[in-house]
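Right, one structure below, let's go through it.
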Amino acid sequence: MLTIQNLHKAYHTHTVLDQVSLELPQGQVLAVLGRSGCGKTTLLKALAGLLTPDAGSINWAGQSMDAVPPREREMVYLFQEPLLFPHLTVFENIAYGLRVRKEAETHVQQKVAQMLQELELQEHAQKKPAQLSGGQRQRVAFGRAIIFLPRVLLLDEPFASLDAQTRATMQRLFLRLARKYGITALFVTHDVKESLLVGDRFAYMAAGKLQVYTSREAFIADPQTGVRDELAFWSALEQQTPYQP
Amino acid sequence: MLRKTLTAILIAAILLPFLFFGMLSVGQAWFYPSILPQRFTLSNWQELLVGQSELQVSLLLSLLLGMGVAILSTLAGFVISKEIARAKYKNRWLLLAYWPFVLSPVVLAILVQRFFLLTGMSGEVIGVLLGQLILAFPFAVIFFQSFWTQEVLQLEQQSQTLGASAVYTLQKVLLPLAKPLLLICFFQTFLISWFEYGLTQFIGLGKIKTLTILVFKYVNEANIFHAALASLLLMLPPALLLWLNKKFVFRGI
């Protein structure tokens, strides 16, 4: 279980994280909905150990992560843009975390081949990232992050730069692999639909404050999340122009 | 046709000084109005290769200084440039790096001369090395700013969260990405040292005779044959580095 208690971070007088607390059981995905600049990225970076919070604590399975360096946290941060190592092939990018952990070459070959199959990227194994499309790059980044089964996956609007169709494919892929590997993840997004699609649990972030909901219904019912407005919009549209297959 | 002519002119422009200085370096007794020297001899070259001649010592010293300056400034520039890229007041630090170039090397030499006198490093090789680093190090710092982009810094963070140590990230991510720039910076800073005159003369007090200093000395003495040989030696490493640059560095970009 990931436990965050009263996490606080401020730059000068501007508070970015305001007493953020949450509990996330293992194998569940917390969808964090929020607008740009609400502190979502800061929260994820603090969890990954890439920046130090001013106060508060981060625990995994009862063990404090506060003094644990990023490389030992096993909490992989996935940037909005798929940051692949440009000089490495798709295969080597995916194998990176395994090589870091000095896994045997036969295991590396086997696991990466399996992951390439999961990601439907077998024929691109020897390509460099520059030769891939945006969606393919994001798939490689995702595969590279989950191949060694980290404790927590921190996704910072990972599909925001993709077109609608690729985005939907990626959302389905994420869901399938998250279920298969029992991934514990914080999935940050500003897209209402995406948050409802990927989340097991739901939270809303605004001005550094995180509100965690007890259920999907509570998340939908809260007017500040904007879910009801979105639903109303699509409902109104449907009434104006009846759906004809 | 035009392209071939231009290439031929370019090759001739590069080779002509080598041929001219090569011819002069084996010449002896050249008097007006003769087109060529009266005699040709390898004695100047023998002087270079045998014994402890001034030219030989100067060549080795220049190579030592060039390599030292290139290695130190490239490594330090790479590391410090990263710190500056991550610093809160990045532009202020960068302004400091431009300082030696704004002042001009000779003015800088006058300013730092007292420090070298007080520390007893004037007229010493270590003093000249440090003096040349005053120019080469900021150059390397500015040079590597183009490498430490937000993307590279994020790649470093990505590597860390994937479980890699700082050393592993350096070996497997940063150095392979920076390799072409590291080589170019190494060559450039080597050349800064190799051709440096003002600071070397000022801090070296004329005792540290690098090849560049020696060329000027021979020219002042009207010793054209030695000046030609020293000039030829001065031109060889940059030509070699440029060739290596073209063959190995730019090929990878």
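Each chain in the structure tokens gets a letter, A, B and so on, in the order shown; residues start at 1 in every chain, and ligands are counted from 1 in the order they appear.
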Up to 8 Å from chain A, what residues of chain B turn up? Count only C-alpha atoms and give them as a CSV table (one decimal) with N, CA and C atoms, in the first residue's frame.
chain,number,residue,atom,x,y,z
B,151,GLU,N,15.6,18.2,-22.1
B,151,GLU,CA,15.3,16.9,-22.4
B,151,GLU,C,16.4,15.9,-21.9
B,154,GLN,N,16.0,15.6,-18.2
B,154,GLN,CA,14.9,14.7,-17.9
B,154,GLN,C,15.2,13.2,-18.2
B,155,LEU,N,16.0,13.0,-19.3
B,155,LEU,CA,16.5,11.6,-19.6
B,155,LEU,C,17.3,11.1,-18.4
B,157,GLN,N,16.9,12.0,-15.3
B,157,GLN,CA,16.0,11.7,-14.2
B,157,GLN,C,15.2,10.3,-14.5
B,158,GLN,N,14.9,10.2,-15.8
B,158,GLN,CA,14.2,8.9,-16.2
B,158,GLN,C,15.0,7.7,-15.9
B,160,GLN,N,17.3,7.5,-13.6
B,160,GLN,CA,17.4,7.3,-12.2
B,160,GLN,C,16.1,6.5,-11.7
B,161,THR,N,14.9,7.0,-12.2
B,161,THR,CA,13.7,6.3,-11.7
B,161,THR,C,13.6,4.9,-12.2
B,162,LEU,N,14.3,4.6,-13.3
B,162,LEU,CA,14.4,3.2,-13.7
B,162,LEU,C,15.3,2.3,-12.9
B,163,GLY,N,16.0,3.0,-12.0
B,163,GLY,CA,16.9,2.2,-11.1
B,163,GLY,C,18.4,2.4,-11.3
B,164,ALA,N,18.8,3.2,-12.3
B,164,ALA,CA,20.2,3.4,-12.6
B,164,ALA,C,20.9,4.3,-11.6
B,165,SER,N,22.1,4.0,-11.3
B,165,SER,CA,22.9,4.8,-10.4
B,165,SER,C,23.5,6.0,-11.3
B,168,TYR,N,26.1,4.7,-13.7
B,168,TYR,CA,25.5,3.9,-14.8
B,168,TYR,C,24.9,4.8,-15.8
B,173,VAL,N,24.0,6.5,-20.7
B,173,VAL,CA,23.1,7.5,-21.3
B,173,VAL,C,23.9,8.8,-21.7
B,176,PRO,N,27.3,8.4,-24.0
B,176,PRO,CA,27.1,8.1,-25.4
B,176,PRO,C,26.4,9.3,-26.2
B,177,LEU,N,25.5,10.0,-25.5
B,177,LEU,CA,24.8,11.1,-26.1
B,177,LEU,C,25.7,12.3,-26.3
**Study point:** stretch 92-98 of chain B surroundings by only C-alpha atoms, 8 Å radius, close-in-sequence under 6 positions cut, as a list in words
**Key:**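 Final neighbour list, sorted by chain and number: Ile84, Pro138, Phe139, Val141 and Ile142 of chain B.
If you look at atom CA of A:Ile4 and atom CA of A:Ala55, they are 11.0 Å away from each other.
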**Study point:** atom CA of B:Trp99 to atom CA of B:Thr210, straight-line distance in Å
**Key:**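 Atom CA of B:Thr210 sits 25.4 Å away from atom CA of B:Trp99.
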Exercise for review: Skip stretch 30-40 of chain A itself and residues of its chain fewer than 6 positions away, then list as a PyMOL selection string all residues within 7 Å of it, counting only C-alpha atoms.
Suggested key: chain A and resi 16-17+185-190+192+195+198-208
**Study point:** Nearby residues (only C-alpha atoms) at most 12 Å from B:Val26, same-chain spacing under 6 positions excluded, as an NGL selection string
**Key:** :B and (19-20 or 36-47 or 224-230 or 232)
Point to revise | stretch 189-202 of chain B surroundings by only C-alpha atoms, 6 Å radius, close-in-sequence under 5 positions cut, as a VMD selection string | key: chain B and resid 66 70 106 109 128 136 212
Write out as a PDB file with C-alpha atoms, in the first residue's frame all residues of stretch 135-178 of chain B that backbone DSSP assigns to helix (DSSP H, G or I).
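Contents of states_35.pdb, as written:
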ATOM      1  CA  LEU B 135      40.289  30.629 -21.680  1.00  0.00           C
ATOM      2  CA  ALA B 136      39.607  26.989 -22.494  1.00  0.00           C
ATOM      3  CA  PHE B 137      37.461  26.138 -19.463  1.00  0.00           C
ATOM      4  CA  PRO B 138      34.814  28.881 -19.960  1.00  0.00           C
ATOM      5  CA  PHE B 139      34.775  27.984 -23.647  1.00  0.00           C
ATOM      6  CA  ALA B 140      33.937  24.372 -22.718  1.00  0.00           C
ATOM      7  CA  VAL B 141      31.287  25.528 -20.224  1.00  0.00           C
ATOM      8  CA  ILE B 142      29.560  27.642 -22.879  1.00  0.00           C
ATOM      9  CA  PHE B 143      30.024  24.907 -25.487  1.00  0.00           C
ATOM     10  CA  PHE B 144      28.253  22.240 -23.390  1.00  0.00           C
ATOM     11  CA  GLN B 145      25.251  24.467 -22.669  1.00  0.00           C
ATOM     12  CA  SER B 146      23.817  23.258 -25.962  1.00  0.00           C
ATOM     13  CA  GLN B 150      15.759  20.103 -20.510  1.00  0.00           C
ATOM     14  CA  GLU B 151      15.323  16.855 -22.437  1.00  0.00           C
ATOM     15  CA  VAL B 152      18.767  15.523 -21.494  1.00  0.00           C
ATOM     16  CA  LEU B 153      18.230  16.468 -17.840  1.00  0.00           C
ATOM     17  CA  GLN B 154      14.880  14.659 -17.931  1.00  0.00           C
ATOM     18  CA  LEU B 155      16.495  11.611 -19.559  1.00  0.00           C
ATOM     19  CA  GLU B 156      18.891  11.549 -16.621  1.00  0.00           C
ATOM     20  CA  GLN B 157      15.960  11.653 -14.202  1.00  0.00           C
ATOM     21  CA  GLN B 158      14.191   8.940 -16.196  1.00  0.00           C
ATOM     22  CA  SER B 159      17.240   6.725 -15.939  1.00  0.00           C
ATOM     23  CA  GLN B 160      17.361   7.276 -12.177  1.00  0.00           C
ATOM     24  CA  THR B 161      13.730   6.325 -11.651  1.00  0.00           C
ATOM     25  CA  ALA B 166      24.596   8.137 -11.361  1.00  0.00           C
ATOM     26  CA  VAL B 167      27.649   6.273 -12.720  1.00  0.00           C
ATOM     27  CA  TYR B 168      25.497   3.886 -14.792  1.00  0.00           C
ATOM     28  CA  THR B 169      23.493   6.815 -16.172  1.00  0.00           C
ATOM     29  CA  LEU B 170      26.717   8.605 -17.058  1.00  0.00           C
ATOM     30  CA  GLN B 171      28.166   5.536 -18.793  1.00  0.00           C
ATOM     31  CA  LYS B 172      25.084   4.327 -20.617  1.00  0.00           C
ATOM     32  CA  VAL B 173      23.126   7.492 -21.309  1.00  0.00           C
ATOM     33  CA  LEU B 174      24.970  10.776 -20.903  1.00  0.00           C
ATOM     34  CA  LEU B 175      28.400   9.921 -22.309  1.00  0.00           C
ATOM     35  CA  PRO B 176      27.072   8.122 -25.419  1.00  0.00           C
ATOM     36  CA  LEU B 177      24.775  11.082 -26.103  1.00  0.00           C
ATOM     37  CA  ALA B 178      27.532  13.627 -25.489  1.00  0.00           C
TER      38      ALA B 178
END
Check your understanding: Skipping near chain neighbours, those fewer than 4 positions away, what residues fall within 8 Å of A:Val20 using only C-alpha atoms, listed as number ranges by chain?
Key -> A: 4-8, 208-210
